[in-house]
$ cat coords-v5.pdb   # PDB, C-alpha atoms and all ligand atoms
ATOM      1  CA  MET A  23     -28.559 -18.614  -4.715
ATOM      2  CA  SER A  24     -25.309 -16.652  -4.386
ATOM      3  CA  ALA A  25     -23.893 -16.009  -0.943
ATOM      4  CA  PRO A  26     -25.738 -13.026   0.586
ATOM      5  CA  PHE A  27     -24.687  -9.683  -0.899
ATOM      6  CA  GLY A  28     -23.475  -8.306   2.447
ATOM      7  CA  GLN A  29     -21.068 -11.203   2.837
ATOM      8  CA  ARG A  30     -19.849 -10.919  -0.772
ATOM      9  CA  LEU A  31     -19.367  -7.188  -0.314
ATOM     10  CA  ALA A  32     -17.398  -7.660   2.899
ATOM     11  CA  ASP A  33     -15.163 -10.216   1.133
ATOM     12  CA  ALA A  34     -14.639  -7.880  -1.842
ATOM     13  CA  VAL A  35     -13.770  -4.992   0.460
ATOM     14  CA  ALA A  36     -11.308  -7.189   2.376
ATOM     15  CA  ALA A  37      -9.623  -8.131  -0.910
ATOM     16  CA  ARG A  38      -9.780  -4.819  -2.792
ATOM     17  CA  GLY A  39     -10.686  -2.040  -0.357
ATOM     18  CA  PRO A  40     -14.058  -0.268  -0.124
ATOM     19  CA  LEU A  41     -13.890   2.063  -3.145
ATOM     20  CA  CYS A  42     -16.787   1.981  -5.613
ATOM     21  CA  VAL A  43     -16.295   3.661  -8.986
ATOM     22  CA  GLY A  44     -19.354   4.936 -10.821
ATOM     23  CA  LEU A  45     -19.831   4.644 -14.584
ATOM     24  CA  ASP A  46     -21.479   7.957 -15.486
ATOM     25  CA  PRO A  47     -20.955   8.528 -19.220
ATOM     26  CA  HIS A  48     -22.257  12.095 -19.462
ATOM     27  CA  ALA A  49     -22.266  13.516 -23.018
ATOM     28  CA  GLY A  50     -19.550  15.973 -21.910
ATOM     29  CA  LEU A  51     -17.387  13.191 -20.557
ATOM     30  CA  LEU A  52     -17.660  11.186 -23.785
ATOM     31  CA  GLU A  53     -16.630  14.308 -25.688
ATOM     32  CA  ARG A  54     -13.675  14.821 -23.356
ATOM     33  CA  TRP A  55     -12.639  11.252 -24.073
ATOM     34  CA  GLY A  56     -12.857  11.941 -27.837
ATOM     35  CA  LEU A  57     -15.911   9.688 -28.187
ATOM     36  CA  PRO A  58     -19.246  10.336 -29.907
ATOM     37  CA  ASP A  59     -22.373  10.739 -27.776
ATOM     38  CA  SER A  60     -23.861   7.575 -29.287
ATOM     39  CA  PRO A  61     -24.229   3.869 -28.418
ATOM     40  CA  ASP A  62     -20.847   3.274 -30.074
ATOM     41  CA  GLY A  63     -19.190   5.932 -27.886
ATOM     42  CA  LEU A  64     -20.957   4.489 -24.865
ATOM     43  CA  ALA A  65     -19.675   0.986 -25.671
ATOM     44  CA  ARG A  66     -16.090   2.196 -26.039
ATOM     45  CA  PHE A  67     -16.327   4.128 -22.755
ATOM     46  CA  THR A  68     -17.790   1.117 -20.930
ATOM     47  CA  ASP A  69     -15.171  -1.261 -22.394
ATOM     48  CA  ALA A  70     -12.396   1.054 -21.226
ATOM     49  CA  VAL A  71     -13.680   1.514 -17.667
ATOM     50  CA  VAL A  72     -14.567  -2.145 -17.174
ATOM     51  CA  GLY A  73     -11.241  -3.240 -18.698
ATOM     52  CA  ALA A  74      -9.255  -0.879 -16.481
ATOM     53  CA  LEU A  75     -11.107  -1.228 -13.173
ATOM     54  CA  ALA A  76     -13.248  -4.373 -12.907
ATOM     55  CA  GLY A  77     -10.234  -6.367 -11.760
ATOM     56  CA  GLU A  78      -9.194  -3.666  -9.287
ATOM     57  CA  VAL A  79     -12.078  -2.157  -7.320
ATOM     58  CA  ALA A  80     -14.651  -3.880  -5.123
ATOM     59  CA  VAL A  81     -17.717  -2.323  -6.741
ATOM     60  CA  LEU A  82     -18.617  -0.705 -10.054
ATOM     61  CA  LYS A  83     -21.786   1.395 -10.108
ATOM     62  CA  PRO A  84     -23.222   2.071 -13.571
ATOM     63  CA  GLN A  85     -25.682   4.957 -13.599
ATOM     64  CA  SER A  86     -28.609   3.518 -15.554
ATOM     65  CA  ALA A  87     -29.810   6.926 -16.832
ATOM     66  CA  PHE A  88     -26.737   7.370 -19.019
ATOM     67  CA  TYR A  89     -27.389   4.043 -20.739
ATOM     68  CA  GLU A  90     -31.185   4.401 -20.975
ATOM     69  CA  ARG A  91     -30.848   7.776 -22.729
ATOM     70  CA  HIS A  92     -29.403   5.889 -25.723
ATOM     71  CA  GLY A  93     -32.461   3.619 -25.990
ATOM     72  CA  SER A  94     -32.321  -0.136 -26.494
ATOM     73  CA  ARG A  95     -28.772  -0.008 -27.900
ATOM     74  CA  GLY A  96     -27.621   1.815 -24.751
ATOM     75  CA  VAL A  97     -29.294  -0.801 -22.561
ATOM     76  CA  ALA A  98     -27.541  -3.537 -24.564
ATOM     77  CA  VAL A  99     -24.204  -1.833 -23.816
ATOM     78  CA  LEU A 100     -25.112  -1.778 -20.119
ATOM     79  CA  GLU A 101     -26.017  -5.486 -20.133
ATOM     80  CA  ASP A 102     -22.744  -6.418 -21.782
ATOM     81  CA  GLY A 103     -20.662  -4.182 -19.494
ATOM     82  CA  VAL A 104     -22.356  -5.515 -16.358
ATOM     83  CA  ALA A 105     -21.724  -9.134 -17.368
ATOM     84  CA  ARG A 106     -18.066  -8.446 -18.136
ATOM     85  CA  ALA A 107     -17.515  -6.473 -14.916
ATOM     86  CA  ARG A 108     -18.920  -9.307 -12.823
ATOM     87  CA  ALA A 109     -16.883 -11.900 -14.723
ATOM     88  CA  ALA A 110     -13.751  -9.866 -13.911
ATOM     89  CA  GLY A 111     -14.550  -9.991 -10.200
ATOM     90  CA  ALA A 112     -16.233  -6.644  -9.456
ATOM     91  CA  LEU A 113     -19.589  -6.497  -7.735
ATOM     92  CA  VAL A 114     -22.034  -4.437  -9.773
ATOM     93  CA  LEU A 115     -24.428  -2.010  -8.104
ATOM     94  CA  LEU A 116     -26.961  -0.691 -10.603
ATOM     95  CA  ASP A 117     -27.799   2.908  -9.739
ATOM     96  CA  ALA A 118     -31.371   3.178 -11.031
ATOM     97  CA  LYS A 119     -33.144   4.441  -7.881
ATOM     98  CA  ARG A 120     -36.183   2.276  -8.481
ATOM     99  CA  GLY A 121     -39.315   2.646  -6.353
ATOM    100  CA  ASP A 122     -43.011   1.980  -7.058
ATOM    101  CA  ILE A 123     -46.069   0.158  -5.743
ATOM    102  CA  GLY A 124     -45.373  -3.419  -4.730
ATOM    103  CA  SER A 125     -46.428  -5.202  -7.934
ATOM    104  CA  THR A 126     -44.241  -2.928 -10.082
ATOM    105  CA  MET A 127     -41.428  -3.044  -7.542
ATOM    106  CA  ASP A 128     -41.465  -6.807  -7.910
ATOM    107  CA  ALA A 129     -40.677  -6.388 -11.629
ATOM    108  CA  TYR A 130     -37.907  -3.840 -10.951
ATOM    109  CA  ALA A 131     -36.344  -6.266  -8.461
ATOM    110  CA  ASP A 132     -36.030  -8.952 -11.157
ATOM    111  CA  VAL A 133     -32.696  -7.342 -12.041
ATOM    112  CA  LEU A 134     -31.358  -9.140  -8.929
ATOM    113  CA  ARG A 135     -32.235 -12.548 -10.421
ATOM    114  CA  PRO A 136     -29.403 -14.443 -12.145
ATOM    115  CA  GLU A 137     -31.509 -15.128 -15.249
ATOM    116  CA  HIS A 138     -32.174 -11.398 -15.885
ATOM    117  CA  PRO A 139     -30.394 -10.048 -19.022
ATOM    118  CA  CYS A 140     -28.796  -7.342 -16.881
ATOM    119  CA  ALA A 141     -28.368  -9.354 -13.663
ATOM    120  CA  VAL A 142     -26.568  -7.262 -11.033
ATOM    121  CA  ASP A 143     -25.439  -7.786  -7.456
ATOM    122  CA  ALA A 144     -27.299  -4.847  -5.954
ATOM    123  CA  LEU A 145     -29.706  -2.041  -6.830
ATOM    124  CA  THR A 146     -30.376   1.471  -5.501
ATOM    125  CA  VAL A 147     -34.022   2.024  -4.541
ATOM    126  CA  SER A 148     -36.131   5.021  -3.576
ATOM    127  CA  PRO A 149     -38.433   4.782  -0.529
ATOM    128  CA  TYR A 150     -40.738   7.627  -1.591
ATOM    129  CA  LEU A 151     -43.783   5.329  -1.918
ATOM    130  CA  GLY A 152     -43.259   4.091   1.616
ATOM    131  CA  PRO A 153     -40.930   1.434   3.008
ATOM    132  CA  GLY A 154     -43.580  -1.285   2.628
ATOM    133  CA  ALA A 155     -43.662  -0.757  -1.145
ATOM    134  CA  LEU A 156     -40.046  -1.953  -1.280
ATOM    135  CA  GLN A 157     -40.861  -5.293   0.380
ATOM    136  CA  PRO A 158     -40.944  -7.270  -2.926
ATOM    137  CA  ALA A 159     -37.390  -6.122  -3.620
ATOM    138  CA  VAL A 160     -36.347  -7.231  -0.139
ATOM    139  CA  ASP A 161     -37.958 -10.622  -0.752
ATOM    140  CA  THR A 162     -36.200 -11.034  -4.120
ATOM    141  CA  ALA A 163     -32.857  -9.950  -2.656
ATOM    142  CA  ARG A 164     -33.220 -12.515   0.143
ATOM    143  CA  LEU A 165     -34.028 -15.231  -2.406
ATOM    144  CA  THR A 166     -31.196 -14.466  -4.827
ATOM    145  CA  GLY A 167     -28.443 -13.160  -2.540
ATOM    146  CA  GLY A 168     -28.810  -9.637  -3.918
ATOM    147  CA  GLY A 169     -28.473  -6.335  -2.133
ATOM    148  CA  LEU A 170     -30.347  -3.039  -1.911
ATOM    149  CA  PHE A 171     -29.217   0.487  -1.085
ATOM    150  CA  VAL A 172     -32.108   2.727  -0.049
ATOM    151  CA  LEU A 173     -31.909   6.507  -0.468
ATOM    152  CA  ALA A 174     -31.890   7.903   3.065
ATOM    153  CA  ARG A 175     -29.953  11.187   3.194
ATOM    154  CA  THR A 176     -28.760  11.954  -0.311
ATOM    155  CA  SER A 177     -25.837  14.131  -1.397
ATOM    156  CA  ASN A 178     -27.714  16.863  -3.325
ATOM    157  CA  PRO A 179     -27.834  20.238  -1.544
ATOM    158  CA  ASP A 180     -31.604  20.526  -1.018
ATOM    159  CA  ALA A 181     -32.212  16.895  -0.051
ATOM    160  CA  GLY A 182     -32.779  17.832   3.578
ATOM    161  CA  ALA A 183     -35.949  19.758   2.663
ATOM    162  CA  LEU A 184     -37.758  16.417   2.362
ATOM    163  CA  GLN A 185     -35.478  13.925   4.047
ATOM    164  CA  SER A 186     -35.065  15.873   7.303
ATOM    165  CA  ALA A 187     -38.801  16.583   7.621
ATOM    166  CA  ALA A 188     -40.372  15.138  10.747
ATOM    167  CA  VAL A 189     -42.644  12.092  10.739
ATOM    168  CA  GLY A 190     -43.755  12.002  14.354
ATOM    169  CA  ALA A 191     -40.636  12.001  16.489
ATOM    170  CA  ARG A 192     -38.284  10.938  13.703
ATOM    171  CA  SER A 193     -37.099  12.413  10.419
ATOM    172  CA  VAL A 194     -38.055  10.825   7.103
ATOM    173  CA  ALA A 195     -34.428   9.739   6.695
ATOM    174  CA  GLN A 196     -34.455   8.108  10.129
ATOM    175  CA  VAL A 197     -37.602   6.135   9.265
ATOM    176  CA  VAL A 198     -35.750   4.856   6.193
ATOM    177  CA  VAL A 199     -32.643   3.928   8.193
ATOM    178  CA  ASP A 200     -34.702   2.202  10.891
ATOM    179  CA  THR A 201     -36.603   0.226   8.251
ATOM    180  CA  VAL A 202     -33.354  -0.957   6.682
ATOM    181  CA  ARG A 203     -32.126  -1.873  10.167
ATOM    182  CA  GLY A 204     -35.252  -4.022  10.436
ATOM    183  CA  TRP A 205     -34.561  -5.711   7.085
ATOM    184  CA  ASN A 206     -31.114  -6.679   8.355
ATOM    185  CA  THR A 207     -32.723  -8.284  11.404
ATOM    186  CA  PRO A 208     -33.944 -11.847  10.718
ATOM    187  CA  GLY A 209     -37.719 -12.259  10.932
ATOM    188  CA  TRP A 210     -38.613  -8.540  11.006
ATOM    189  CA  VAL A 211     -41.276  -7.221   8.592
ATOM    190  CA  VAL A 212     -42.563  -3.682   7.946
ATOM    191  CA  GLY A 213     -45.206  -2.890  10.569
ATOM    192  CA  ASP A 214     -43.462  -4.870  13.320
ATOM    193  CA  PRO A 215     -42.074  -2.835  16.191
ATOM    194  CA  LEU A 216     -38.491  -1.868  15.472
ATOM    195  CA  PRO A 217     -35.952  -4.431  16.651
ATOM    196  CA  ASP A 218     -34.449  -3.759  20.040
ATOM    197  CA  LEU A 219     -31.356  -1.683  19.367
ATOM    198  CA  GLY A 220     -29.508  -3.412  22.196
ATOM    199  CA  ALA A 221     -29.972  -6.765  20.475
ATOM    200  CA  VAL A 222     -28.553  -5.661  17.139
ATOM    201  CA  GLN A 223     -26.191  -2.929  18.298
ATOM    202  CA  ASP A 224     -23.629  -2.563  15.564
ATOM    203  CA  LEU A 225     -24.030  -6.194  14.562
ATOM    204  CA  GLY A 226     -22.744  -6.162  11.035
ATOM    205  CA  SER A 227     -22.330  -2.398  10.902
ATOM    206  CA  ARG A 228     -18.652  -3.116  10.506
ATOM    207  CA  TRP A 229     -17.183  -5.166   7.696
ATOM    208  CA  GLY A 230     -17.319  -8.887   8.384
ATOM    209  CA  ALA A 231     -19.286 -12.079   8.051
ATOM    210  CA  ALA A 232     -22.331 -10.421   9.656
ATOM    211  CA  THR A 233     -22.535  -7.458   7.255
ATOM    212  CA  GLY A 234     -26.153  -7.323   6.115
ATOM    213  CA  SER A 235     -27.308  -7.097   2.503
ATOM    214  CA  PHE A 236     -29.457  -4.011   2.981
ATOM    215  CA  GLY A 237     -27.758  -0.642   3.040
ATOM    216  CA  VAL A 238     -28.561   3.046   2.914
ATOM    217  CA  VAL A 239     -27.312   5.965   0.839
ATOM    218  CA  VAL A 240     -25.933   8.834   2.892
ATOM    219  CA  GLY A 241     -24.062  11.603   1.093
ATOM    220  CA  ALA A 242     -20.481  12.525   1.934
ATOM    221  CA  THR A 243     -21.564  16.148   1.420
ATOM    222  CA  LEU A 244     -23.656  16.420   4.619
ATOM    223  CA  ARG A 245     -22.642  19.138   7.028
ATOM    224  CA  ASP A 246     -23.630  16.899   9.962
ATOM    225  CA  LEU A 247     -24.736  13.305  10.195
ATOM    226  CA  ASP A 248     -28.361  13.939  11.181
ATOM    227  CA  VAL A 249     -29.429  10.283  11.143
ATOM    228  CA  ASP A 250     -28.529   7.633  13.683
ATOM    229  CA  LEU A 251     -26.875   4.724  11.847
ATOM    230  CA  ASP A 252     -26.133   2.659  14.971
ATOM    231  CA  GLY A 253     -27.234  -0.920  14.625
ATOM    232  CA  LEU A 254     -27.938  -0.512  10.903
ATOM    233  CA  GLY A 255     -26.424  -3.919  10.312
ATOM    234  CA  GLY A 256     -25.567  -3.148   6.685
ATOM    235  CA  PRO A 257     -23.389  -0.959   4.493
ATOM    236  CA  VAL A 258     -23.585   2.785   3.855
ATOM    237  CA  LEU A 259     -23.087   3.946   0.262
ATOM    238  CA  ALA A 260     -21.514   7.408   0.382
ATOM    239  CA  PRO A 261     -21.703   9.409  -2.875
ATOM    240  CA  GLY A 262     -20.785  13.062  -3.287
ATOM    241  CA  LEU A 263     -16.991  12.750  -3.234
ATOM    242  CA  GLY A 264     -14.865  14.761  -5.628
ATOM    243  CA  ALA A 265     -17.073  16.600  -8.137
ATOM    244  CA  GLN A 266     -19.774  17.322  -5.527
ATOM    245  CA  GLY A 267     -17.227  18.598  -3.012
ATOM    246  CA  GLY A 268     -17.029  15.738  -0.486
ATOM    247  CA  THR A 269     -13.585  14.657   0.736
ATOM    248  CA  PRO A 270     -12.102  11.661   2.566
ATOM    249  CA  ALA A 271     -11.901  13.914   5.645
ATOM    250  CA  ASP A 272     -15.686  14.440   5.388
ATOM    251  CA  LEU A 273     -16.179  10.679   5.387
ATOM    252  CA  ARG A 274     -14.122  10.326   8.557
ATOM    253  CA  ARG A 275     -15.943  13.261  10.166
ATOM    254  CA  LEU A 276     -19.387  11.865   9.305
ATOM    255  CA  PHE A 277     -18.918   8.133   9.764
ATOM    256  CA  GLY A 278     -15.825   7.723  11.957
ATOM    257  CA  ALA A 279     -13.676   4.651  11.677
ATOM    258  CA  GLY A 280     -14.835   1.086  11.389
ATOM    259  CA  ARG A 281     -18.339   1.521   9.973
ATOM    260  CA  ALA A 282     -19.056  -0.393   6.749
ATOM    261  CA  VAL A 283     -18.924   2.541   4.314
ATOM    262  CA  VAL A 284     -18.641   2.212   0.537
ATOM    263  CA  PRO A 285     -17.350   5.546  -0.785
ATOM    264  CA  THR A 286     -18.327   6.037  -4.409
ATOM    265  CA  VAL A 287     -16.670   8.324  -6.957
ATOM    266  CA  SER A 288     -17.639   8.802 -10.598
ATOM    267  CA  ARG A 289     -16.484  11.974 -12.391
ATOM    268  CA  ASP A 290     -13.348  12.479 -10.342
ATOM    269  CA  VAL A 291     -12.022   9.107 -11.542
ATOM    270  CA  LEU A 292     -13.545   9.096 -15.034
ATOM    271  CA  THR A 293     -12.072  12.440 -16.099
ATOM    272  CA  ALA A 294      -8.648  10.773 -15.849
ATOM    273  CA  GLY A 295      -9.539   8.497 -18.808
ATOM    274  CA  PRO A 296      -9.563   7.122 -21.394
ATOM    275  CA  ASP A 297      -6.030   5.839 -20.795
ATOM    276  CA  PRO A 298      -6.494   2.656 -18.671
ATOM    277  CA  ALA A 299      -3.342   3.304 -16.637
ATOM    278  CA  ALA A 300      -4.563   6.819 -15.836
ATOM    279  CA  LEU A 301      -7.971   5.479 -14.780
ATOM    280  CA  ARG A 302      -6.303   2.933 -12.519
ATOM    281  CA  ALA A 303      -4.032   5.618 -11.080
ATOM    282  CA  ALA A 304      -7.014   7.895 -10.323
ATOM    283  CA  ALA A 305      -8.848   5.058  -8.583
ATOM    284  CA  ALA A 306      -5.696   4.107  -6.678
ATOM    285  CA  ARG A 307      -5.248   7.719  -5.565
ATOM    286  CA  TRP A 308      -8.783   7.729  -4.113
ATOM    287  CA  ALA A 309      -8.274   4.327  -2.528
ATOM    288  CA  GLY A 310      -5.040   5.558  -0.927
ATOM    289  CA  GLU A 311      -6.622   8.749   0.388
ATOM    290  CA  LEU A 312      -9.563   6.815   1.793
ATOM    291  CA  ALA A 313      -7.260   4.356   3.527
ATOM    292  CA  ALA A 314      -5.068   7.077   5.021
TER
HETATM  293  O1  LIG A 401     -27.291  10.805  -2.981
HETATM  294  C1  LIG A 401     -26.882  10.445  -4.071
HETATM  295  C2  LIG A 401     -27.264   9.245  -4.663
HETATM  296  C3  LIG A 401     -26.711   8.886  -5.854
HETATM  297  N1  LIG A 401     -25.824   9.669  -6.491
HETATM  298  C4  LIG A 401     -25.270   9.193  -7.777
HETATM  299  O2  LIG A 401     -23.863   8.940  -7.601
HETATM  300  C5  LIG A 401     -23.126   9.428  -8.736
HETATM  301  C6  LIG A 401     -22.236  10.558  -8.281
HETATM  302  O3  LIG A 401     -21.409  10.993  -9.342
HETATM  303  P1  LIG A 401     -20.124  11.961  -9.097
HETATM  304  O4  LIG A 401     -19.620  12.210 -10.472
HETATM  305  O5  LIG A 401     -19.153  11.198  -8.231
HETATM  306  O6  LIG A 401     -20.639  13.190  -8.430
HETATM  307  C7  LIG A 401     -24.181   9.834  -9.776
HETATM  308  O7  LIG A 401     -24.459   8.717 -10.591
HETATM  309  C8  LIG A 401     -25.401  10.164  -8.944
HETATM  310  O8  LIG A 401     -26.604   9.942  -9.643
HETATM  311  C9  LIG A 401     -25.438  10.856  -5.918
HETATM  312  O9  LIG A 401     -24.618  11.611  -6.444
HETATM  313  N2  LIG A 401     -25.990  11.208  -4.725
END
$ encode --input "coords-v5.pdb" --output "structure tokens"
Amino acid sequence: MSAPFGQRLADAVAARGPLCVGLDPHAGLLERWGLPDSPDGLARFTDAVVGALAGEVAVLKPQSAFYERHGSRGVAVLEDGVARARAAGALVLLDAKRGDIGSTMDAYADVLRPEHPCAVDALTVSPYLGPGALQPAVDTARLTGGGLFVLARTSNPDAGALQSAAVGARSVAQVVVDTVRGWNTPGWVVGDPLPDLGAVQDLGSRWGAATGSFGVVVGATLRDLDVDLDGLGGPVLAPGLGAQGGTPADLRRLFGAGRAVVPTVSRDVLTAGPDPAALRAAAARWAGELAA
């Protein structure tokens, strides 16, 4: 088994900073790069981004949809790009937002196993079928040293219509966050009472050896942080920067200083390509603004 994802992520962030760059090869982006909207164009895009950034940023986040839409040849490009990104030192978070009943979830989670053709370090998952349905993915991640990021409070404008709805005294998003807090607490299983906040208060919510392997997705576009992340014990993936309007100032406003946040940017970096130096400069500009 690899070292636990949370620890590997904390080490990568210490070495390279927290920025995650997304690989989102929209048809329009490929055209802008002078590439065909085909598996060949996809391969040239992926080669360029991995070549420019896999040795620079802590995390690369391929968006599975843009590879799947090209069929089996697109998936082959993804597999190759993932392997090369990891070999160059980047952690790979596959953004596929998987979520299903337990037996199917078990199969989705196989992507966290080293023998999988597209083996990745971490996976985004959707809790819509209930937190318990994700348990097989938690079990696989614990076994293989993989990580999960669960959609909690996403960056799209109408997300609050579902995610802020009340389930008893808490919002849906808060149930998700509290479940992930449980996963980061040794011995806790879905259905157990939530761990005592005092016992886990902020343990691992900052970068360090105790950073947990289970994180949540909270958009940088939120007007207010309407979930309580205290004691989460794991990282927060924050999409929505750049093209969706979120800024580094929004990150500071929402999350403050010190919390283990992985800001992720796709289009706002990718539109700088295909020149590798320009891609690196765009990523460095974001990294600099985030560090400021
Ligand atoms: O709440 C969420 C969860 C995931 N995403 C994904 O992140 C990227 C964002 O791309 P940008 O070009 O930086 O806007 C994309 O793959 C989304 O599917 C998100 O935006 N919001």
$ closest_residue --input "coords-v5.pdb" --among "A:His92, A:Arg281, A:Arg274, A:Lys83" --to "Leu312 of chain A" --atoms "only C-alpha atoms"
A:Arg274
$ residues_near_ligand --input "coords-v5.pdb" --ligand "ligand LIG 401 (chain A)" --cutoff "10 Å" --atoms "only C-alpha atoms and all ligand atoms" --output "NGL selection string"
:A and (42-48 or 83-88 or 116-119 or 146-148 or 171-179 or 181 or 238-243 or 259-268 or 285-293)
$ resolve_selection --input "coords-v5.pdb" --expression "the PyMOL selection byres (((chain A and resi 313) around 12) and not hetatm)" --output "PDB file with C-alpha atoms, in the coordinates of the input"
ATOM      1  CA  VAL A  35     -13.770  -4.992   0.460  1.00  0.00           C
ATOM      2  CA  ARG A  38      -9.780  -4.819  -2.792  1.00  0.00           C
ATOM      3  CA  GLY A  39     -10.686  -2.040  -0.357  1.00  0.00           C
ATOM      4  CA  PRO A  40     -14.058  -0.268  -0.124  1.00  0.00           C
ATOM      5  CA  LEU A  41     -13.890   2.063  -3.145  1.00  0.00           C
ATOM      6  CA  PRO A 270     -12.102  11.661   2.566  1.00  0.00           C
ATOM      7  CA  ALA A 271     -11.901  13.914   5.645  1.00  0.00           C
ATOM      8  CA  LEU A 273     -16.179  10.679   5.387  1.00  0.00           C
ATOM      9  CA  ARG A 274     -14.122  10.326   8.557  1.00  0.00           C
ATOM     10  CA  ALA A 279     -13.676   4.651  11.677  1.00  0.00           C
ATOM     11  CA  GLY A 280     -14.835   1.086  11.389  1.00  0.00           C
ATOM     12  CA  VAL A 283     -18.924   2.541   4.314  1.00  0.00           C
ATOM     13  CA  VAL A 284     -18.641   2.212   0.537  1.00  0.00           C
ATOM     14  CA  PRO A 285     -17.350   5.546  -0.785  1.00  0.00           C
ATOM     15  CA  ALA A 306      -5.696   4.107  -6.678  1.00  0.00           C
ATOM     16  CA  ARG A 307      -5.248   7.719  -5.565  1.00  0.00           C
ATOM     17  CA  TRP A 308      -8.783   7.729  -4.113  1.00  0.00           C
ATOM     18  CA  ALA A 309      -8.274   4.327  -2.528  1.00  0.00           C
ATOM     19  CA  GLY A 310      -5.040   5.558  -0.927  1.00  0.00           C
ATOM     20  CA  GLU A 311      -6.622   8.749   0.388  1.00  0.00           C
ATOM     21  CA  LEU A 312      -9.563   6.815   1.793  1.00  0.00           C
ATOM     22  CA  ALA A 314      -5.068   7.077   5.021  1.00  0.00           C
TER      23      ALA A 314
END
$ closest_residue --input "coords-v5.pdb" --among "A:Leu247, A:Val198, A:Ala129, A:Leu170" --to "Leu151 of chain A" --atoms "only C-alpha atoms"
A:Val198
$ atom_distance --input "coords-v5.pdb" --atom1 "atom CA of Gly168 of chain A" --atom2 "atom CA of Pro26 of chain A"
6.4 Å
$ resolve_selection --input "coords-v5.pdb" --expression "the PyMOL selection byres (((chain A and resi 52) around 10) and not hetatm)" --output "JSON list (two decimals) with C-alpha atoms, keeping the file's coordinate frame"
[["chain", "number", "residue", "atom", "x", "y", "z"],
["A", 46, "ASP", "CA", -21.48, 7.96, -15.49],
["A", 47, "PRO", "CA", -20.96, 8.53, -19.22],
["A", 48, "HIS", "CA", -22.26, 12.10, -19.46],
["A", 49, "ALA", "CA", -22.27, 13.52, -23.02],
["A", 50, "GLY", "CA", -19.55, 15.97, -21.91],
["A", 51, "LEU", "CA", -17.39, 13.19, -20.56],
["A", 53, "GLU", "CA", -16.63, 14.31, -25.69],
["A", 54, "ARG", "CA", -13.68, 14.82, -23.36],
["A", 55, "TRP", "CA", -12.64, 11.25, -24.07],
["A", 56, "GLY", "CA", -12.86, 11.94, -27.84],
["A", 57, "LEU", "CA", -15.91, 9.69, -28.19],
["A", 58, "PRO", "CA", -19.25, 10.34, -29.91],
["A", 59, "ASP", "CA", -22.37, 10.74, -27.78],
["A", 60, "SER", "CA", -23.86, 7.58, -29.29],
["A", 63, "GLY", "CA", -19.19, 5.93, -27.89],
["A", 64, "LEU", "CA", -20.96, 4.49, -24.86],
["A", 66, "ARG", "CA", -16.09, 2.20, -26.04],
["A", 67, "PHE", "CA", -16.33, 4.13, -22.76],
["A", 292, "LEU", "CA", -13.54, 9.10, -15.03],
["A", 293, "THR", "CA", -12.07, 12.44, -16.10],
["A", 295, "GLY", "CA", -9.54, 8.50, -18.81],
["A", 296, "PRO", "CA", -9.56, 7.12, -21.39]]
$ closest_residue --input "coords-v5.pdb" --among "A:Leu113, A:Leu254, A:Ala294, A:Ala98" --to "Ala65 of chain A" --atoms "all atoms listed in the file"
A:Ala98
$ atom_distance --input "coords-v5.pdb" --atom1 "atom CA of Ala80 of chain A" --atom2 "atom CA of Ala34 of chain A"
5.2 Å
$ atom_distance --input "coords-v5.pdb" --atom1 "atom CA of Leu165 of chain A" --atom2 "atom CA of Leu134 of chain A"
9.3 Å
$ residues_near_point --input "coords-v5.pdb" --point "(-41.9, -5.4, -4.6)" --cutoff "8 Å" --atoms "only C-alpha atoms" --output "ChimeraX atom specification"
/A:122-131,155-161
$ resolve_selection --input "coords-v5.pdb" --expression "the PyMOL selection byres (((chain A and resi 231) around 12) and not hetatm)" --output "list of chain:residue names"
A:Ala25, A:Pro26, A:Phe27, A:Gly28, A:Gln29, A:Arg30, A:Leu31, A:Ala32, A:Asp33, A:Ala34, A:Val35, A:Ala36, A:Leu225, A:Gly226, A:Ser227, A:Arg228, A:Trp229, A:Gly230, A:Ala232, A:Thr233, A:Gly234, A:Ser235, A:Gly255, A:Gly256, A:Ala282
$ write_last_selection --input "coords-v5.pdb" --atoms "C-alpha atoms" --output "compact mmCIF listing (two decimals), in the frame of the given file"
# COMPACT_ATOMS: atom_id res chain seq x y z
CA ALA A 25 -23.89 -16.01 -0.94
CA PRO A 26 -25.74 -13.03 0.59
CA PHE A 27 -24.69 -9.68 -0.90
CA GLY A 28 -23.48 -8.31 2.45
CA GLN A 29 -21.07 -11.20 2.84
CA ARG A 30 -19.85 -10.92 -0.77
CA LEU A 31 -19.37 -7.19 -0.31
CA ALA A 32 -17.40 -7.66 2.90
CA ASP A 33 -15.16 -10.22 1.13
CA ALA A 34 -14.64 -7.88 -1.84
CA VAL A 35 -13.77 -4.99 0.46
CA ALA A 36 -11.31 -7.19 2.38
CA LEU A 225 -24.03 -6.19 14.56
CA GLY A 226 -22.74 -6.16 11.04
CA SER A 227 -22.33 -2.40 10.90
CA ARG A 228 -18.65 -3.12 10.51
CA TRP A 229 -17.18 -5.17 7.70
CA GLY A 230 -17.32 -8.89 8.38
CA ALA A 232 -22.33 -10.42 9.66
CA THR A 233 -22.54 -7.46 7.26
CA GLY A 234 -26.15 -7.32 6.12
CA SER A 235 -27.31 -7.10 2.50
CA GLY A 255 -26.42 -3.92 10.31
CA GLY A 256 -25.57 -3.15 6.68
CA ALA A 282 -19.06 -0.39 6.75
$ residues_near_point --input "coords-v5.pdb" --point "(-36.0, 11.2, 9.0)" --cutoff "8 Å" --atoms "all atoms listed in the file" --output "tab-separated table (two decimals) with C-alpha atoms, keeping the file's coordinate frame"
chain	number	residue	atom	x	y	z
A	174	ALA	CA	-31.89	7.90	3.06
A	185	GLN	CA	-35.48	13.92	4.05
A	186	SER	CA	-35.06	15.87	7.30
A	187	ALA	CA	-38.80	16.58	7.62
A	188	ALA	CA	-40.37	15.14	10.75
A	189	VAL	CA	-42.64	12.09	10.74
A	192	ARG	CA	-38.28	10.94	13.70
A	193	SER	CA	-37.10	12.41	10.42
A	194	VAL	CA	-38.06	10.82	7.10
A	195	ALA	CA	-34.43	9.74	6.70
A	196	GLN	CA	-34.46	8.11	10.13
A	197	VAL	CA	-37.60	6.14	9.26
A	198	VAL	CA	-35.75	4.86	6.19
A	249	VAL	CA	-29.43	10.28	11.14
